[in-house]
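S.K.: Provided herewith: final_1.cif, mmCIF, C-alpha atoms.
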```
data_run
loop_
_atom_site.label_atom_id
_atom_site.label_comp_id
_atom_site.auth_asym_id
_atom_site.auth_seq_id
_atom_site.Cartn_x
_atom_site.Cartn_y
_atom_site.Cartn_z
CA MET A 4 122.53 75.01 106.14
CA VAL A 5 119.14 75.76 104.59
CA TYR A 6 118.37 78.23 107.38
CA LEU A 7 121.78 79.84 106.91
CA VAL A 8 121.35 80.18 103.15
CA HIS A 9 117.83 81.55 103.64
CA ILE A 10 118.99 84.15 106.18
CA VAL A 11 122.09 85.26 104.26
CA ALA A 12 120.20 85.45 100.96
CA GLY A 13 117.36 87.36 102.60
CA THR A 14 119.78 89.87 104.12
CA LEU A 15 121.51 90.43 100.78
CA ALA A 16 118.15 90.73 99.02
CA LEU A 17 116.94 93.45 101.40
CA LEU A 18 120.18 95.44 101.23
CA SER A 19 120.55 95.22 97.45
CA GLY A 20 116.84 95.77 96.90
CA TYR A 21 116.75 99.05 98.79
CA ILE A 22 119.98 100.17 97.09
CA ALA A 23 118.49 99.44 93.66
CA LEU A 24 115.21 101.12 94.60
CA TYR A 25 116.77 104.38 95.76
CA SER A 26 119.88 104.63 93.57
CA GLY A 27 119.97 106.45 90.26
CA LYS A 28 117.93 104.35 87.88
CA GLY A 29 120.02 102.83 85.15
CA GLU A 30 123.31 103.77 86.76
CA ARG A 31 125.97 101.19 87.59
CA ALA A 32 124.92 100.95 91.25
CA HIS A 33 121.32 100.31 90.23
CA ARG A 34 122.22 97.60 87.72
CA ARG A 35 124.68 95.80 89.97
CA ALA A 36 122.43 95.96 93.03
CA GLY A 37 119.54 94.79 90.89
CA MET A 38 121.38 91.66 89.76
CA VAL A 39 122.45 90.90 93.34
CA PHE A 40 118.80 91.31 94.31
CA VAL A 41 117.68 88.85 91.64
CA TYR A 42 120.11 86.10 92.63
CA SER A 43 119.59 86.67 96.37
CA MET A 44 115.83 86.56 96.04
CA LEU A 45 115.94 83.33 94.05
CA ALA A 46 118.19 81.75 96.68
CA MET A 47 115.94 83.00 99.47
CA CYS A 48 112.83 81.64 97.74
CA ALA A 49 114.50 78.26 97.20
CA GLY A 50 115.42 78.12 100.88
CA GLY A 51 111.89 79.09 101.87
CA LEU A 52 110.45 76.32 99.71
CA LEU A 53 112.75 73.73 101.27
CA LEU A 54 111.89 74.89 104.79
CA ALA A 55 108.18 74.86 104.01
CA PHE A 56 108.32 71.29 102.72
CA ALA A 57 110.91 69.82 105.09
CA ARG A 58 109.97 71.61 108.31
CA GLY A 59 106.30 72.26 107.67
CA ALA A 60 106.89 76.03 108.06
CA ALA A 61 103.43 77.35 107.08
CA PRO A 62 103.51 75.54 103.71
CA TYR A 63 100.07 76.69 102.56
CA LEU A 64 101.26 80.30 102.62
CA ASN A 65 105.02 80.07 102.18
CA VAL A 66 105.02 77.77 99.14
CA PRO A 67 102.75 80.03 97.03
CA ALA A 68 104.56 83.11 98.32
CA ALA A 69 107.98 81.72 97.38
CA LEU A 70 106.81 80.57 93.94
CA LEU A 71 105.10 83.87 93.13
CA THR A 72 108.01 85.98 94.39
CA ALA A 73 110.57 84.01 92.37
CA TYR A 74 108.31 84.27 89.32
CA LEU A 75 108.00 88.06 89.71
CA VAL A 76 111.77 88.50 89.97
CA ILE A 77 112.46 86.32 86.91
CA THR A 78 109.80 87.98 84.73
CA ALA A 79 110.91 91.45 85.85
CA LEU A 80 114.44 90.59 84.69
CA THR A 81 113.33 89.07 81.39
CA THR A 82 111.26 92.19 80.73
CA VAL A 83 114.44 94.25 80.31
CA ARG A 84 116.69 91.35 79.29
CA PRO A 85 114.49 89.42 76.85
CA VAL A 86 115.07 85.69 76.52
CA PRO A 87 116.00 84.23 73.12
CA SER A 88 113.15 83.12 70.90
CA HIS A 89 113.95 79.44 71.48
CA ALA A 90 113.45 79.93 75.24
CA ARG A 91 109.97 81.43 75.01
CA TRP A 92 108.65 78.41 76.89
CA LEU A 93 109.59 80.45 79.96
CA ASP A 94 106.65 82.73 79.20
CA ALA A 95 104.20 79.84 79.25
CA GLY A 96 105.80 78.42 82.40
CA GLY A 97 105.60 81.78 84.14
CA LEU A 98 101.96 82.18 83.17
CA ALA A 99 101.18 78.72 84.60
CA VAL A 100 102.89 79.60 87.91
CA ALA A 101 101.12 82.96 88.25
CA LEU A 102 97.73 81.56 87.32
CA GLY A 103 98.12 78.51 89.56
CA VAL A 104 99.25 80.53 92.57
CA GLY A 105 96.50 83.08 91.97
CA LEU A 106 93.69 80.54 91.82
CA VAL A 107 94.94 78.43 94.74
CA THR A 108 95.53 81.37 97.09
CA LEU A 109 92.19 82.96 96.24
CA ALA A 110 90.51 79.68 97.15
CA LEU A 111 92.51 79.48 100.40
CA GLY A 112 91.59 83.08 101.18
CA ALA A 113 87.90 82.37 100.66
CA GLU A 114 88.20 79.31 102.90
CA ALA A 115 89.78 81.44 105.65
CA ALA A 116 87.21 84.22 105.29
CA LEU A 117 84.32 81.75 105.63
CA SER A 118 85.77 79.88 108.62
CA PRO A 119 84.19 80.53 112.04
CA ASP A 120 87.36 82.05 113.53
CA GLY A 121 88.48 83.85 110.38
CA LEU A 122 91.61 81.71 110.09
CA GLY A 123 92.49 79.30 107.33
CA ARG A 124 95.31 76.89 106.58
CA ASP A 125 98.44 77.38 108.71
CA ARG A 126 96.18 79.39 111.05
CA MET A 127 96.56 82.37 108.76
CA PRO A 128 93.93 85.08 108.17
CA ALA A 129 92.42 85.59 104.75
CA PHE A 130 94.31 88.77 103.83
CA PRO A 131 97.73 87.32 102.85
CA PHE A 132 96.06 84.63 100.75
CA PHE A 133 93.93 87.22 98.95
CA MET A 134 96.94 89.50 98.47
CA PHE A 135 98.99 86.84 96.70
CA GLY A 136 95.91 85.68 94.81
CA VAL A 137 95.13 89.12 93.40
CA VAL A 138 98.77 89.79 92.48
CA GLY A 139 99.06 86.38 90.84
CA MET A 140 95.97 86.98 88.70
CA LEU A 141 97.13 90.49 87.72
CA ALA A 142 100.55 89.14 86.76
CA ALA A 143 98.97 86.32 84.75
CA SER A 144 96.79 88.80 82.84
CA GLY A 145 99.93 90.79 82.01
CA ASP A 146 101.64 87.65 80.74
CA LEU A 147 98.66 86.90 78.52
CA ARG A 148 98.92 90.36 76.96
CA VAL A 149 102.64 89.84 76.33
CA MET A 150 102.06 86.43 74.74
CA ARG A 151 99.26 87.81 72.58
CA SER A 152 100.80 91.09 71.40
CA GLY A 153 104.53 90.58 71.98
CA PRO A 154 107.04 92.05 74.47
CA ARG A 155 106.25 95.44 75.97
CA ARG A 156 107.91 98.54 74.54
CA GLY A 157 108.70 101.93 76.03
CA LYS A 158 106.86 102.95 79.19
CA PRO A 159 104.79 99.74 79.57
CA ARG A 160 108.03 97.77 79.53
CA VAL A 161 109.54 99.88 82.31
CA ALA A 162 106.30 99.75 84.32
CA ARG A 163 106.18 95.95 84.09
CA HIS A 164 109.78 95.71 85.29
CA LEU A 165 109.19 98.25 88.05
CA TRP A 166 106.10 96.85 89.75
CA ARG A 167 107.28 93.24 89.66
CA MET A 168 110.66 94.02 91.24
CA CYS A 169 109.06 96.32 93.80
CA PHE A 170 106.42 93.81 94.85
CA ALA A 171 109.10 91.15 95.30
CA LEU A 172 111.02 93.57 97.55
CA PHE A 173 107.77 94.33 99.38
CA VAL A 174 107.30 90.63 100.13
CA ALA A 175 110.88 90.29 101.37
CA SER A 176 110.66 93.38 103.58
CA MET A 177 107.27 92.37 104.99
CA SER A 178 108.53 88.87 105.72
CA PHE A 179 111.43 90.27 107.74
CA PHE A 180 110.17 93.45 109.41
CA ILE A 181 106.69 92.11 110.17
CA GLY A 182 106.94 88.33 109.95
CA GLN A 183 110.26 88.05 111.82
CA ALA A 184 109.88 90.99 114.19
CA GLN A 185 110.95 88.80 117.12
CA VAL A 186 114.58 88.82 115.92
CA ILE A 187 114.75 92.63 116.02
CA PRO A 188 116.07 94.14 119.31
CA GLU A 189 113.18 94.86 121.67
CA PRO A 190 113.81 98.63 121.94
CA LEU A 191 113.32 98.86 118.16
CA ARG A 192 110.40 96.45 118.04
CA ILE A 193 107.79 99.16 117.52
CA ARG A 194 105.09 98.14 115.05
CA PRO A 195 104.66 101.53 113.32
CA LEU A 196 108.44 101.85 113.07
CA LEU A 197 108.81 98.36 111.60
CA ALA A 198 106.09 99.06 109.07
CA LEU A 199 107.91 102.09 107.64
CA PRO A 200 110.44 100.17 105.45
CA VAL A 201 107.60 98.00 104.13
CA LEU A 202 105.31 100.91 103.30
CA ALA A 203 108.24 102.84 101.82
CA VAL A 204 108.58 100.20 99.08
CA LEU A 205 104.92 100.51 98.09
CA ALA A 206 104.99 104.30 98.28
CA THR A 207 108.09 104.47 96.07
CA MET A 208 106.61 102.02 93.57
CA PHE A 209 103.37 104.01 93.20
CA TYR A 210 105.34 107.25 93.00
CA TRP A 211 107.44 106.05 90.06
CA LEU A 212 104.48 104.45 88.33
CA ALA A 213 102.62 107.74 88.58
CA ARG A 214 105.63 109.72 87.33
CA LEU A 215 106.07 107.27 84.49
CA ARG A 216 102.41 107.61 83.53
CA THR A 217 102.23 111.40 83.61
CA THR A 218 105.67 112.38 82.28
CA ARG A 219 106.16 112.56 78.53
CA ARG A 220 109.87 111.77 78.58
CA PHE A 221 111.96 109.13 80.32
CA ASN A 222 114.76 111.44 81.39
CA GLY A 223 114.22 112.54 84.99
CA VAL A 224 111.71 109.74 85.59
CA LEU A 225 113.36 106.35 85.10
CA ALA A 226 116.70 105.98 83.42
CA VAL A 227 116.16 102.25 82.91
CA VAL A 228 115.64 102.62 79.18
CA VAL A 229 115.83 99.76 76.72
CA ALA A 230 117.65 100.15 73.41
CA GLU A 231 114.99 99.58 70.77
CA GLU A 232 116.83 97.94 67.89
CA ALA A 233 115.46 97.57 64.43
CA SER A 234 114.61 93.95 65.19
CA GLY A 235 112.57 94.93 68.21
CA GLY A 236 114.95 93.33 70.72
CA GLY A 237 117.48 95.02 72.92
CA LEU A 238 119.20 95.01 76.26
CA PRO A 239 119.09 97.61 79.00
CA VAL A 240 121.56 100.37 78.31
CA GLY A 241 121.28 102.06 81.68
CA CYS A 242 121.16 105.65 80.45
CA PRO A 243 118.39 108.23 80.15
CA ASP A 244 116.47 108.82 76.96
CA VAL A 245 117.95 112.27 76.57
CA SER A 246 116.19 113.10 73.33
CA GLY A 247 112.80 111.81 74.38
CA ASN A 248 112.28 110.46 70.88
CA SER A 249 112.95 106.72 70.72
CA ALA A 250 111.57 105.02 73.83
CA ALA A 251 109.02 107.71 74.72
CA THR A 252 107.67 107.88 71.17
CA SER A 253 107.34 104.10 70.94
CA ALA A 254 105.37 104.12 74.18
CA ALA A 255 102.98 106.73 72.77
#
```
For this file, write the structure as structure tokens.

M.R.:
Amino acid sequence: MVYLVHIVAGTLALLSGYIALYSGKGERAHRRAGMVFVYSMLAMCAGGLLLAFARGAAPYLNVPAALLTAYLVITALTTVRPVPSHARWLDAGGLAVALGVGLVTLALGAEAALSPDGLGRDRMPAFPFFMFGVVGMLAASGDLRVMRSGPRRGKPRVARHLWRMCFALFVASMSFFIGQAQVIPEPLRIRPLLALPVLAVLATMFYWLARLRTTRRFNGVLAVVVAEEASGGGLPVGCPDVSGNSAATSAA
């Protein structure tokens, strides 16, 4: 049953993730696919954790990967759907997860890099450990800024949501297209071909981050705009900032 849940959730996460990534940002399809992606990813990560502990399925890599991926999805959601003030303990918990995963995986990566055969725990090379370690430390530094200066506003808020969701989708796509390539029909099992969906996620993420950084207005860039209320809160409204005054000005 755990395998079944893991497979079904992973399939739904990939489908909904790509739909959310390439649909009109802020439109109904984007919002609905995004929520399916969140729940599917959390179910997939829970299944991966159980398999890693119960079956010994590469626990030194899969446990940190599952924890960090679930953390990224949750914090990406709470970036545009802020939690109530009485639930701010989630921020401290998320920071602890990101920092812990970052430090542990960096240490495991160094151990693998210094080993005679270049392999570390679970017979894994150093690169995946370093990748999760660097991302964990970057995410933790972002959480510290949020805890120190308050929730992001305007463009930084959208950028935080964007890169965290995209990296979670990158992990899911890499786990399937590269990590589970043996389940793909042999005629399609061509490494450069399998790498395309994975690289497409990163390319799209960097494209939108660059557009978000260089464009003065939100409309035409990302329509995931947050309604900035007088109290500083707000929920995603899913429509472009047509005027370019509220969200774009607050970002400036």

S.K.: So how many Å separate atom CA of A:Gly112 and atom CA of A:Met168, to one decimal?

M.R.: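 Atom-to-atom, atom CA of A:Gly112 and atom CA of A:Met168 are spaced 24.1 Å apart.
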
S.K.: Enumerate, as a PyMOL selection string, the residues matched when the PyMOL selection byres ((chain A and resi 194-204) around 12) is run on the file above.

M.R.: chain A and resi 17-18+20-25+165-193+205-211

S.K.: Between atom CA of A:Ala143 and atom CA of A:Leu98, what distance in Å does the model show, to one decimal?

M.R.: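 Going from atom CA of A:Ala143 over to atom CA of A:Leu98, I get 5.3 Å.
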
S.K.: In Å to one decimal, how far is atom CA of A:Asp94 from atom CA of A:Ser152?

M.R.: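 Atom-to-atom, atom CA of A:Ser152 to atom CA of A:Asp94, that is 12.8 Å.
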
S.K.: Please provide the set of residues having any atom within 8 Å of A:Gly105, restricted to only C-alpha atoms, with same-chain residues fewer than 6 positions apart removed, written as a list in words.

M.R.: Phe135, Gly136, Val137, Val138, Gly139 and Met140 of chain A

S.K.: Could you pull stretch 166-179 of chain A out of the block above and save it with all heavy atoms, as a compact mmCIF listing (two decimals), in the first residue's frame?

M.R.:
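Generated output (decode33.txt):
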```txt
# COMPACT_ATOMS: atom_id res chain seq x y z
N TRP A 166 10.51 29.78 -6.63
CA TRP A 166 11.67 28.90 -6.65
C TRP A 166 11.47 27.68 -5.76
O TRP A 166 11.96 26.59 -6.07
CB TRP A 166 12.94 29.66 -6.29
CG TRP A 166 13.28 29.80 -4.84
CD1 TRP A 166 13.06 30.88 -4.05
CD2 TRP A 166 13.94 28.83 -4.00
NE1 TRP A 166 13.51 30.64 -2.76
CE2 TRP A 166 14.07 29.40 -2.72
CE3 TRP A 166 14.43 27.54 -4.21
CZ2 TRP A 166 14.67 28.72 -1.65
CZ3 TRP A 166 15.03 26.87 -3.14
CH2 TRP A 166 15.14 27.46 -1.89
N ARG A 167 10.71 27.82 -4.69
CA ARG A 167 10.49 26.68 -3.80
C ARG A 167 9.57 25.64 -4.45
O ARG A 167 9.84 24.43 -4.36
CB ARG A 167 9.92 27.15 -2.45
CG ARG A 167 10.96 27.90 -1.62
CD ARG A 167 10.41 28.57 -0.39
NE ARG A 167 11.46 29.32 0.29
CZ ARG A 167 11.95 29.03 1.49
NH1 ARG A 167 11.47 28.02 2.19
NH2 ARG A 167 12.91 29.75 2.02
N MET A 168 8.51 26.08 -5.10
CA MET A 168 7.64 25.14 -5.82
C MET A 168 8.40 24.48 -6.97
O MET A 168 8.29 23.27 -7.19
CB MET A 168 6.41 25.87 -6.36
CG MET A 168 5.37 26.18 -5.32
SD MET A 168 4.58 24.66 -4.67
CE MET A 168 3.14 25.37 -3.87
N CYS A 169 9.17 25.28 -7.71
CA CYS A 169 9.88 24.74 -8.86
C CYS A 169 10.95 23.73 -8.45
O CYS A 169 11.14 22.71 -9.11
CB CYS A 169 10.51 25.87 -9.67
SG CYS A 169 9.34 26.78 -10.68
N PHE A 170 11.67 24.00 -7.37
CA PHE A 170 12.69 23.04 -6.95
C PHE A 170 12.05 21.75 -6.46
O PHE A 170 12.60 20.66 -6.69
CB PHE A 170 13.59 23.62 -5.87
CG PHE A 170 14.82 22.78 -5.63
CD1 PHE A 170 15.92 22.89 -6.44
CD2 PHE A 170 14.85 21.84 -4.60
CE1 PHE A 170 17.04 22.11 -6.25
CE2 PHE A 170 15.96 21.04 -4.40
CZ PHE A 170 17.07 21.18 -5.23
N ALA A 171 10.91 21.84 -5.81
CA ALA A 171 10.20 20.62 -5.40
C ALA A 171 9.80 19.81 -6.63
O ALA A 171 9.94 18.57 -6.65
CB ALA A 171 8.97 20.97 -4.57
N LEU A 172 9.31 20.47 -7.68
CA LEU A 172 8.96 19.77 -8.92
C LEU A 172 10.21 19.20 -9.58
O LEU A 172 10.18 18.11 -10.15
CB LEU A 172 8.25 20.72 -9.88
CG LEU A 172 7.86 20.16 -11.24
CD1 LEU A 172 6.95 18.95 -11.10
CD2 LEU A 172 7.19 21.24 -12.10
N PHE A 173 11.32 19.92 -9.50
CA PHE A 173 12.59 19.43 -10.04
C PHE A 173 13.01 18.13 -9.36
O PHE A 173 13.44 17.18 -10.02
CB PHE A 173 13.67 20.50 -9.86
CG PHE A 173 15.07 20.02 -10.10
CD1 PHE A 173 15.53 19.78 -11.38
CD2 PHE A 173 15.94 19.80 -9.03
CE1 PHE A 173 16.82 19.34 -11.61
CE2 PHE A 173 17.22 19.37 -9.25
CZ PHE A 173 17.68 19.13 -10.54
N VAL A 174 12.86 18.07 -8.04
CA VAL A 174 13.21 16.85 -7.31
C VAL A 174 12.32 15.70 -7.73
O VAL A 174 12.79 14.58 -7.97
CB VAL A 174 13.10 17.09 -5.78
CG1 VAL A 174 13.28 15.78 -5.01
CG2 VAL A 174 14.14 18.11 -5.33
N ALA A 175 11.01 15.96 -7.85
CA ALA A 175 10.08 14.91 -8.25
C ALA A 175 10.38 14.41 -9.66
O ALA A 175 10.39 13.20 -9.92
CB ALA A 175 8.64 15.41 -8.17
N SER A 176 10.63 15.33 -10.59
CA SER A 176 10.90 14.92 -11.97
C SER A 176 12.23 14.20 -12.08
O SER A 176 12.36 13.22 -12.83
CB SER A 176 10.88 16.15 -12.88
OG SER A 176 11.86 17.09 -12.50
N MET A 177 13.24 14.64 -11.35
CA MET A 177 14.53 13.96 -11.38
C MET A 177 14.43 12.56 -10.77
O MET A 177 15.04 11.62 -11.28
CB MET A 177 15.59 14.79 -10.64
CG MET A 177 16.99 14.21 -10.69
SD MET A 177 18.23 15.32 -9.98
CE MET A 177 17.59 15.53 -8.32
N SER A 178 13.64 12.44 -9.71
CA SER A 178 13.48 11.13 -9.07
C SER A 178 12.83 10.13 -10.01
O SER A 178 13.17 8.94 -9.98
CB SER A 178 12.63 11.28 -7.80
OG SER A 178 13.26 12.13 -6.87
N PHE A 179 11.90 10.61 -10.86
CA PHE A 179 11.23 9.69 -11.77
C PHE A 179 12.03 9.48 -13.06
O PHE A 179 12.39 8.35 -13.41
CB PHE A 179 9.84 10.20 -12.11
CG PHE A 179 9.14 9.35 -13.15
CD1 PHE A 179 8.69 8.07 -12.84
CD2 PHE A 179 8.93 9.82 -14.44
CE1 PHE A 179 8.08 7.27 -13.79
CE2 PHE A 179 8.31 9.04 -15.40
CZ PHE A 179 7.87 7.77 -15.09
```
